[in-house]
file start.cif (mmCIF, C-alpha atoms and all ligand atoms)
data_entry
loop_
_atom_site.label_atom_id
_atom_site.label_comp_id
_atom_site.auth_asym_id
_atom_site.auth_seq_id
_atom_site.Cartn_x
_atom_site.Cartn_y
_atom_site.Cartn_z
CA MET G 1 133.42 80.78 40.62
CA ASN G 2 130.60 82.25 38.49
CA PHE G 3 128.32 85.02 39.74
CA ILE G 4 125.33 82.81 40.66
CA LEU G 5 127.51 80.34 42.51
CA PHE G 6 129.25 83.20 44.31
CA ASN G 7 125.88 84.62 45.44
CA LYS G 8 124.76 81.24 46.71
CA PHE G 9 128.03 80.86 48.59
CA ASN G 10 127.51 84.29 50.14
CA GLU G 11 123.95 83.43 51.14
CA LYS G 12 125.23 80.35 52.92
CA LEU G 13 127.93 82.35 54.71
CA ASN G 14 125.36 84.91 55.86
CA LYS G 15 123.04 82.23 57.14
CA ILE G 16 125.78 80.42 59.05
CA SER G 17 127.09 83.68 60.47
CA ALA G 18 123.54 84.58 61.65
CA ILE G 19 123.20 81.21 63.36
CA PHE G 20 126.58 81.58 65.05
CA MET G 21 125.60 85.08 66.22
CA LEU G 22 122.58 83.46 67.87
CA LEU G 23 124.76 80.75 69.39
CA ILE G 24 127.15 83.34 70.81
CA LYS G 25 124.29 85.52 72.07
CA ILE G 26 123.21 82.65 74.30
CA ASN G 27 126.25 83.26 76.48
CA LEU G 28 127.85 86.49 75.39
CA MET G 29 126.87 90.11 75.06
CA GLN G 30 127.10 91.55 71.55
CA ASN G 31 128.42 94.81 72.91
CA GLY G 32 126.79 96.83 70.13
CA LYS G 33 127.55 100.23 71.70
CA LYS G 34 131.33 99.75 71.77
CA ALA G 35 131.39 98.43 68.23
CA THR G 36 129.31 101.34 66.92
CA GLY G 37 131.63 103.82 68.67
CA LEU G 38 134.75 102.31 67.11
CA CYS G 39 132.97 102.12 63.80
CA ALA G 40 132.41 105.88 63.71
CA VAL G 41 136.06 106.58 64.60
CA ASN G 42 137.63 104.33 62.00
CA GLY G 43 135.09 104.76 59.23
CA PHE G 44 134.59 101.00 58.89
CA THR G 45 131.20 99.40 58.50
CA LEU G 46 130.27 97.30 61.53
CA ASN G 47 130.81 94.06 59.59
CA GLU G 48 134.24 95.16 58.32
CA LEU G 49 135.27 96.17 61.81
CA VAL G 50 134.15 92.89 63.37
CA LEU G 51 136.04 90.83 60.74
CA GLU G 52 139.14 93.02 61.11
CA MET G 53 139.13 92.65 64.91
CA GLY G 54 138.83 88.88 64.68
CA ASP G 55 141.65 88.49 62.19
CA ASN G 56 143.92 90.69 64.24
CA HIS G 57 142.96 88.93 67.47
CA LEU G 58 141.99 92.11 69.30
CA CYS G 59 139.83 92.08 72.39
CA THR G 60 137.60 94.81 73.79
CA SER G 61 138.03 94.40 77.55
CA ASP G 62 139.66 92.55 80.44
CA ASP G 63 136.30 91.04 81.47
CA THR G 64 134.66 88.39 79.36
CA PRO G 65 131.79 90.30 77.71
CA LEU G 66 128.79 88.48 79.18
CA ARG G 67 125.17 89.38 78.62
CA PRO G 68 123.13 90.37 81.70
CA ASP G 69 120.83 87.40 81.03
CA ALA G 70 123.75 84.96 80.51
CA PHE G 71 122.51 82.53 83.16
CA ASP G 72 118.73 82.90 82.91
CA MET G 73 118.66 79.63 80.99
CA SER G 74 119.65 76.40 82.72
CA SER G 75 122.51 74.33 81.32
CA GLU G 76 119.99 71.77 80.06
CA GLU G 77 118.03 74.47 78.21
CA LYS G 78 121.23 75.77 76.65
CA VAL G 79 122.22 72.31 75.44
CA LYS G 80 118.78 71.85 73.86
CA LYS G 81 118.87 75.25 72.14
CA ILE G 82 122.45 74.93 70.86
CA GLU G 83 121.70 71.43 69.58
CA GLY G 84 118.91 72.84 67.38
CA LEU G 85 121.04 75.76 66.18
CA PHE G 86 124.06 73.61 65.40
CA ARG G 87 121.81 71.23 63.45
CA GLN G 88 120.90 74.26 61.31
CA VAL G 89 124.60 75.06 60.76
CA MET G 90 125.25 71.53 59.54
CA GLU G 91 122.14 71.45 57.37
CA THR G 92 123.05 74.81 55.86
CA LEU G 93 126.43 73.36 54.93
CA GLY G 94 124.49 70.69 53.07
CA LEU G 95 125.14 67.78 55.41
CA ASP G 96 122.60 64.97 55.68
CA LEU G 97 121.70 64.62 59.35
CA ASN G 98 119.98 61.29 58.66
CA ASP G 99 123.42 59.74 58.25
CA ASP G 100 124.23 57.65 61.31
CA SER G 101 127.64 59.24 61.70
CA LEU G 102 126.26 62.79 61.77
CA ARG G 103 122.96 62.27 63.57
CA GLY G 104 124.35 62.75 67.08
CA THR G 105 126.79 65.55 66.27
CA PRO G 106 124.57 68.55 67.13
CA LEU G 107 123.88 67.16 70.62
CA ARG G 108 127.56 66.22 71.11
CA VAL G 109 128.69 69.73 70.15
CA ALA G 110 126.05 71.36 72.36
CA LYS G 111 127.03 69.28 75.41
CA MET G 112 130.73 69.91 74.72
CA TYR G 113 130.18 73.70 74.56
CA VAL G 114 128.06 73.96 77.70
CA GLU G 115 129.55 71.25 79.92
CA GLU G 116 133.21 71.21 78.87
CA THR G 117 134.86 73.81 76.66
CA PHE G 118 132.85 76.84 77.87
CA ARG G 119 131.92 75.78 81.41
CA GLY G 120 134.24 78.50 82.77
CA LEU G 121 131.72 81.17 81.68
CA ASP G 122 129.59 80.27 84.68
CA PRO G 123 130.95 81.78 87.95
CA GLU G 124 129.39 78.84 89.80
CA HIS G 125 132.18 76.71 88.31
CA LYS G 126 134.95 78.89 89.72
CA PRO G 127 137.08 76.60 91.89
CA ALA G 128 136.66 77.07 95.62
CA ILE G 129 140.05 78.19 96.91
CA THR G 130 141.18 77.56 100.43
CA LEU G 131 144.24 79.38 101.70
CA PHE G 132 146.53 78.10 104.40
CA ASP G 133 148.71 80.02 106.84
CA ASN G 134 152.29 80.08 105.70
CA LYS G 135 153.39 78.32 108.88
CA TYR G 136 156.78 77.34 107.54
CA HIS G 137 157.49 80.99 106.73
CA TYR G 138 158.57 80.26 103.18
CA ASN G 139 159.07 83.75 101.82
CA GLN G 140 160.57 83.05 98.42
CA MET G 141 158.95 82.78 95.04
CA LEU G 142 156.76 79.76 94.27
CA VAL G 143 156.45 78.80 90.60
CA GLU G 144 154.00 76.31 89.14
CA LYS G 145 155.10 75.73 85.56
CA ASP G 146 153.91 73.83 82.50
CA ILE G 147 150.22 73.97 83.46
CA THR G 148 148.24 72.66 80.51
CA VAL G 149 146.05 75.30 78.87
CA TYR G 150 143.17 74.33 76.62
CA SER G 151 141.06 77.25 75.52
CA HIS G 152 139.17 78.49 72.46
CA CYS G 153 139.80 81.55 70.34
CA GLU G 154 136.73 83.77 70.65
CA HIS G 155 137.13 84.99 67.07
CA HIS G 156 137.08 81.61 65.34
CA PHE G 157 135.91 79.13 68.03
CA VAL G 158 138.87 76.81 67.45
CA PRO G 159 141.37 75.66 70.11
CA ILE G 160 144.21 77.56 71.69
CA TYR G 161 146.50 75.16 73.53
CA GLY G 162 149.77 75.44 75.35
CA LYS G 163 151.32 75.96 78.76
CA ALA G 164 150.82 78.47 81.55
CA HIS G 165 153.46 79.27 84.14
CA VAL G 166 152.40 81.10 87.28
CA GLY G 167 154.39 82.40 90.21
CA TYR G 168 153.72 84.27 93.43
CA ILE G 169 155.48 85.49 96.52
CA SER G 170 153.40 84.78 99.63
CA SER G 171 151.99 87.61 101.72
CA GLY G 172 151.50 85.19 104.62
CA LYS G 173 149.00 82.85 102.97
CA VAL G 174 149.66 79.89 100.68
CA ILE G 175 147.42 78.11 98.23
CA GLY G 176 147.05 74.39 97.50
CA LEU G 177 149.20 73.75 94.41
CA SER G 178 146.51 72.07 92.33
CA LYS G 179 144.29 75.13 92.83
CA LEU G 180 146.66 77.08 90.61
CA ASN G 181 146.04 74.57 87.81
CA ARG G 182 142.29 74.66 88.45
CA LEU G 183 142.15 78.44 88.31
CA VAL G 184 144.02 78.47 84.98
CA ASP G 185 141.63 75.82 83.65
CA TYR G 186 138.54 77.75 84.81
CA TYR G 187 139.48 80.91 82.87
CA ALA G 188 140.69 78.88 79.88
CA ARG G 189 137.27 77.24 79.48
CA ARG G 190 135.79 80.30 77.84
CA PRO G 191 135.92 81.84 74.40
CA GLN G 192 139.13 83.80 74.90
CA VAL G 193 141.91 85.91 73.52
CA GLN G 194 145.24 84.98 75.06
CA GLU G 195 145.93 88.47 76.42
CA ARG G 196 142.67 88.51 78.37
CA LEU G 197 143.16 84.96 79.62
CA THR G 198 146.59 85.95 80.98
CA MET G 199 145.24 89.04 82.74
CA GLN G 200 142.21 87.25 84.17
CA ILE G 201 144.43 84.58 85.72
CA GLY G 202 146.83 87.24 87.07
CA HIS G 203 144.09 89.36 88.63
CA ALA G 204 142.30 86.32 90.09
CA LEU G 205 145.52 85.11 91.71
CA GLN G 206 146.22 88.57 93.14
CA GLN G 207 142.75 88.60 94.63
CA VAL G 208 142.74 85.11 96.16
CA LEU G 209 146.34 85.29 97.41
CA ASP G 210 145.87 88.84 98.69
CA THR G 211 149.13 90.00 97.13
CA GLU G 212 150.22 92.06 94.15
CA ASN G 213 153.22 89.77 93.70
CA VAL G 214 151.95 87.52 90.95
CA ALA G 215 153.37 86.53 87.56
CA VAL G 216 151.74 84.66 84.69
CA VAL G 217 153.25 83.63 81.36
CA ILE G 218 151.28 81.75 78.70
CA ASP G 219 152.96 80.15 75.72
CA ALA G 220 150.36 78.80 73.30
CA LYS G 221 149.46 77.78 69.80
CA HIS G 222 146.35 79.05 68.08
CA LEU G 223 144.67 76.70 65.65
CA CYS G 224 143.10 79.70 63.90
CA VAL G 225 146.64 80.67 62.89
CA ALA G 226 147.83 77.09 62.26
CA SER G 227 144.87 75.53 60.43
CA ARG G 228 143.40 78.45 58.48
CA GLY G 229 144.31 81.96 57.35
CA ILE G 230 148.13 82.16 57.25
CA ARG G 231 148.32 78.41 58.13
CA ASP G 232 151.50 78.77 60.16
CA THR G 233 151.95 75.62 62.22
CA HIS G 234 155.24 76.66 63.83
CA SER G 235 154.58 80.03 65.45
CA ALA G 236 153.45 80.36 69.07
CA THR G 237 152.15 83.29 71.10
CA VAL G 238 153.62 84.35 74.43
CA THR G 239 151.82 86.72 76.81
CA SER G 240 152.75 87.84 80.31
CA PHE G 241 151.42 89.50 83.44
CA TYR G 242 153.76 90.87 86.11
CA GLY G 243 152.39 92.38 89.33
CA GLY G 244 154.13 93.90 92.36
CA LYS G 245 157.70 92.69 92.91
CA PHE G 246 157.66 90.81 89.59
CA GLY G 247 157.93 94.22 87.91
CA HIS G 248 161.55 94.39 89.13
CA SER G 249 163.90 92.97 86.54
CA ALA G 250 165.85 90.74 88.97
CA VAL G 251 162.64 89.10 90.27
CA LYS G 252 161.24 88.75 86.77
CA GLU G 253 164.48 87.16 85.58
CA GLU G 254 164.47 84.71 88.48
CA PHE G 255 160.89 83.70 87.58
CA LEU G 256 161.75 83.26 83.89
CA ARG G 257 164.82 81.24 84.79
CA TYR G 258 162.69 78.75 86.74
CA VAL G 259 160.15 78.62 83.91
CA SER G 260 162.83 77.76 81.36
CA MET G 261 164.35 75.01 83.54
CA THR G 262 163.79 71.55 82.12
CA THR G 263 162.39 69.26 84.75
CA VAL G 264 163.79 65.76 84.43
CA TYR G 265 162.00 62.99 86.33
ZN ZN Q 301 141.34 83.14 66.18
#
call {"tool": "encode", "arguments": {"input": "start.cif", "output": "structure tokens", "more": "lines below"}}
Ligand SMILES: [Zn+2]
result
Amino acid sequence: MNFILFNKFNEKLNKISAIFMLLIKINLMQNGKKATGLCAVNGFTLNELVLEMGDNHLCTSDDTPLRPDAFDMSSEEKVKKIEGLFRQVMETLGLDLNDDSLRGTPLRVAKMYVEETFRGLDPEHKPAITLFDNKYHYNQMLVEKDITVYSHCEHHFVPIYGKAHVGYISSGKVIGLSKLNRLVDYYARRPQVQERLTMQIGHALQQVLDTENVAVVIDAKHLCVASRGIRDTHSATVTSFYGGKFGHSAVKEEFLRYVSMTTVY
């Protein structure tokens, strides 16, 4: 690539990255203070640090970093704004939005972001959980395995997909089984890193079930690893959360044994 072409390419990258920053700022906090602090420690420029964190899939906290004004805009307003911004991304890439096939893409992407893939950012969408008294006095472990996980990597905005396995030992209350799936789905529908997703599900289950005795394992593929960068289509990432009794090796082993069982129907 010659020098002029390289500069043009860089200009395009900068423009697209600025637009994506704006897109992300609609829902997420930039967290400038933390980044500046790390920057001083490691001697990286802010840009270098941000790229390095993304490529190494690091996250900054257990909570999804949301801006204080994350929900000032209505969902309809967000769709409208993202539609305009995504149109700019496509135009910057040189695509002709007059083409019938591309014309509707900005609106489709905007609706998908707000109403589907990132709807779990809004606490109003957290599933209402009703607990029942454990009248049958079942006091063993309950495991819900192979729960489908569809999420998005917060560093590249491409899918993470796989399975979650959750378990708990009742403290006297039980939860409707499908609520476990719904809770996993709620936290998955955010820009995520797998470690945070695992912890958020674990902590939420501990809170709703009023027990420390909760386990979560997620086994997932990251398209940012499979389709770009190292382009490894075979590797998968496993993360875990063990609270209360699940910290004991015998209980943990029992849980993992159930998870690895093949269910034949
Ligand atoms: Zn990624």
call {"tool": "closest_residue", "arguments": {"input": "start.cif", "among": "G:His234, G:Lys8, G:Lys221, G:Lys173", "to": "ligand ZN 301 (chain Q)", "atoms": "only C-alpha atoms and all ligand atoms"}}
result
G:Lys221
call {"tool": "residues_near_ligand", "arguments": {"input": "start.cif", "ligand": "ligand ZN 301 (chain Q)", "cutoff": "6 Å", "atoms": "all atoms listed in the file", "output": "number ranges by chain"}}
result
G: 153, 155-156, 224
call {"tool": "closest_residue", "arguments": {"input": "start.cif", "among": "G:Ser227, G:Thr262, G:Asn98, G:Thr198", "to": "Phe241 of chain G", "atoms": "only C-alpha atoms"}}
result
G:Thr198
call {"tool": "closest_residue", "arguments": {"input": "start.cif", "among": "G:Ala70, G:Val143, G:Val79, G:Leu93", "to": "Asn14 of chain G", "atoms": "only C-alpha atoms"}}
result
G:Leu93
call {"tool": "atom_distance", "arguments": {"input": "start.cif", "atom1": "atom CA of His248 of chain G", "atom2": "atom CA of Glu212 of chain G"}}
result
12.6 Å
call {"tool": "atom_distance", "arguments": {"input": "start.cif", "atom1": "atom CA of Ile230 of chain G", "atom2": "atom CA of Met199 of chain G"}}
result
26.6 Å
call {"tool": "atom_distance", "arguments": {"input": "start.cif", "atom1": "atom CA of Arg67 of chain G", "atom2": "atom CA of Val114 of chain G"}}
result
15.7 Å
call {"tool": "axis_aligned_box", "arguments": {"input": "start.cif", "around": "segment 170-175 of chain G", "padding_each_side": "8 Å", "output": "lines of an AutoDock Vina configuration file"}}
result
center_x = 150.4
center_y = 82.9
center_z = 101.4
size_x = 22.0
size_y = 25.5
size_z = 22.4
call {"tool": "residues_around", "arguments": {"input": "start.cif", "residues": "Ala128 of chain G", "least_positions_apart": "5", "cutoff": "10 Å", "atoms": "all atoms listed in the file", "output": "PyMOL selection string"}}
result
chain G and resi 179+182-183
call {"tool": "closest_residue", "arguments": {"input": "start.cif", "among": "G:Lys81, G:Ser75, G:Leu95, G:Phe132", "to": "Glu115 of chain G", "atoms": "all atoms listed in the file"}}
result
G:Ser75
call {"tool": "residues_near_point", "arguments": {"input": "start.cif", "point": "(159.7, 80.5, 100.2)", "cutoff": "12 Å", "atoms": "all atoms listed in the file", "output": "list of chain:residue names"}}
result
G:Asn134, G:Lys135, G:Tyr136, G:His137, G:Tyr138, G:Asn139, G:Gln140, G:Met141, G:Leu142, G:Val143, G:Gly167, G:Tyr168, G:Ile169, G:Ser170, G:Ser171, G:Gly172, G:Lys173, G:Val174
call {"tool": "residues_near_point", "arguments": {"input": "start.cif", "point": "(126.6, 79.9, 67.5)", "cutoff": "12 Å", "atoms": "all atoms listed in the file", "output": "PDB file with C-alpha atoms, in the frame of the given file"}}
result
ATOM      1  CA  LYS G  15     123.040  82.230  57.140  1.00  0.00           C
ATOM      2  CA  ILE G  16     125.780  80.420  59.050  1.00  0.00           C
ATOM      3  CA  SER G  17     127.090  83.680  60.470  1.00  0.00           C
ATOM      4  CA  ALA G  18     123.540  84.580  61.650  1.00  0.00           C
ATOM      5  CA  ILE G  19     123.200  81.210  63.360  1.00  0.00           C
ATOM      6  CA  PHE G  20     126.580  81.580  65.050  1.00  0.00           C
ATOM      7  CA  MET G  21     125.600  85.080  66.220  1.00  0.00           C
ATOM      8  CA  LEU G  22     122.580  83.460  67.870  1.00  0.00           C
ATOM      9  CA  LEU G  23     124.760  80.750  69.390  1.00  0.00           C
ATOM     10  CA  ILE G  24     127.150  83.340  70.810  1.00  0.00           C
ATOM     11  CA  LYS G  25     124.290  85.520  72.070  1.00  0.00           C
ATOM     12  CA  ILE G  26     123.210  82.650  74.300  1.00  0.00           C
ATOM     13  CA  ASN G  27     126.250  83.260  76.480  1.00  0.00           C
ATOM     14  CA  LEU G  28     127.850  86.490  75.390  1.00  0.00           C
ATOM     15  CA  LYS G  78     121.230  75.770  76.650  1.00  0.00           C
ATOM     16  CA  VAL G  79     122.220  72.310  75.440  1.00  0.00           C
ATOM     17  CA  LYS G  81     118.870  75.250  72.140  1.00  0.00           C
ATOM     18  CA  ILE G  82     122.450  74.930  70.860  1.00  0.00           C
ATOM     19  CA  GLU G  83     121.700  71.430  69.580  1.00  0.00           C
ATOM     20  CA  GLY G  84     118.910  72.840  67.380  1.00  0.00           C
ATOM     21  CA  LEU G  85     121.040  75.760  66.180  1.00  0.00           C
ATOM     22  CA  PHE G  86     124.060  73.610  65.400  1.00  0.00           C
ATOM     23  CA  ARG G  87     121.810  71.230  63.450  1.00  0.00           C
ATOM     24  CA  GLN G  88     120.900  74.260  61.310  1.00  0.00           C
ATOM     25  CA  VAL G  89     124.600  75.060  60.760  1.00  0.00           C
ATOM     26  CA  MET G  90     125.250  71.530  59.540  1.00  0.00           C
ATOM     27  CA  PRO G 106     124.570  68.550  67.130  1.00  0.00           C
ATOM     28  CA  VAL G 109     128.690  69.730  70.150  1.00  0.00           C
ATOM     29  CA  ALA G 110     126.050  71.360  72.360  1.00  0.00           C
ATOM     30  CA  TYR G 113     130.180  73.700  74.560  1.00  0.00           C
ATOM     31  CA  VAL G 114     128.060  73.960  77.700  1.00  0.00           C
ATOM     32  CA  GLU G 154     136.730  83.770  70.650  1.00  0.00           C
ATOM     33  CA  HIS G 155     137.130  84.990  67.070  1.00  0.00           C
ATOM     34  CA  HIS G 156     137.080  81.610  65.340  1.00  0.00           C
ATOM     35  CA  PHE G 157     135.910  79.130  68.030  1.00  0.00           C
ATOM     36  CA  PRO G 191     135.920  81.840  74.400  1.00  0.00           C
TER      37      PRO G 191
END
call {"tool": "decode", "arguments": {"input": "start.cif", "residues": "segment 127-154 of chain G", "atoms": "C-alpha atoms", "output": "PDB file, in the first residue's frame"}}
result
ATOM      1  CA  PRO G 127     -37.259 -10.869  33.970  1.00  0.00           C
ATOM      2  CA  ALA G 128     -39.681 -10.755  36.873  1.00  0.00           C
ATOM      3  CA  ILE G 129     -38.785 -13.705  39.082  1.00  0.00           C
ATOM      4  CA  THR G 130     -41.292 -15.389  41.315  1.00  0.00           C
ATOM      5  CA  LEU G 131     -40.032 -17.797  43.939  1.00  0.00           C
ATOM      6  CA  PHE G 132     -42.015 -20.685  45.330  1.00  0.00           C
ATOM      7  CA  ASP G 133     -41.794 -22.372  48.711  1.00  0.00           C
ATOM      8  CA  ASN G 134     -39.823 -25.570  48.504  1.00  0.00           C
ATOM      9  CA  LYS G 135     -42.825 -27.557  49.719  1.00  0.00           C
ATOM     10  CA  TYR G 136     -41.452 -30.897  48.618  1.00  0.00           C
ATOM     11  CA  HIS G 137     -38.310 -30.258  50.676  1.00  0.00           C
ATOM     12  CA  TYR G 138     -35.970 -31.089  47.822  1.00  0.00           C
ATOM     13  CA  ASN G 139     -32.618 -30.243  49.344  1.00  0.00           C
ATOM     14  CA  GLN G 140     -30.224 -31.470  46.692  1.00  0.00           C
ATOM     15  CA  MET G 141     -28.553 -29.650  43.853  1.00  0.00           C
ATOM     16  CA  LEU G 142     -30.656 -28.515  40.891  1.00  0.00           C
ATOM     17  CA  VAL G 143     -28.814 -28.110  37.589  1.00  0.00           C
ATOM     18  CA  GLU G 144     -30.178 -26.466  34.454  1.00  0.00           C
ATOM     19  CA  LYS G 145     -27.710 -27.269  31.691  1.00  0.00           C
ATOM     20  CA  ASP G 146     -27.172 -26.422  28.030  1.00  0.00           C
ATOM     21  CA  ILE G 147     -28.920 -23.044  28.239  1.00  0.00           C
ATOM     22  CA  THR G 148     -28.333 -21.271  24.934  1.00  0.00           C
ATOM     23  CA  VAL G 149     -26.183 -18.154  25.256  1.00  0.00           C
ATOM     24  CA  TYR G 150     -26.154 -15.512  22.546  1.00  0.00           C
ATOM     25  CA  SER G 151     -24.169 -12.444  23.453  1.00  0.00           C
ATOM     26  CA  HIS G 152     -21.844  -9.898  21.845  1.00  0.00           C
ATOM     27  CA  CYS G 153     -18.194  -9.220  22.551  1.00  0.00           C
ATOM     28  CA  GLU G 154     -17.952  -5.652  23.828  1.00  0.00           C
TER      29      GLU G 154
END
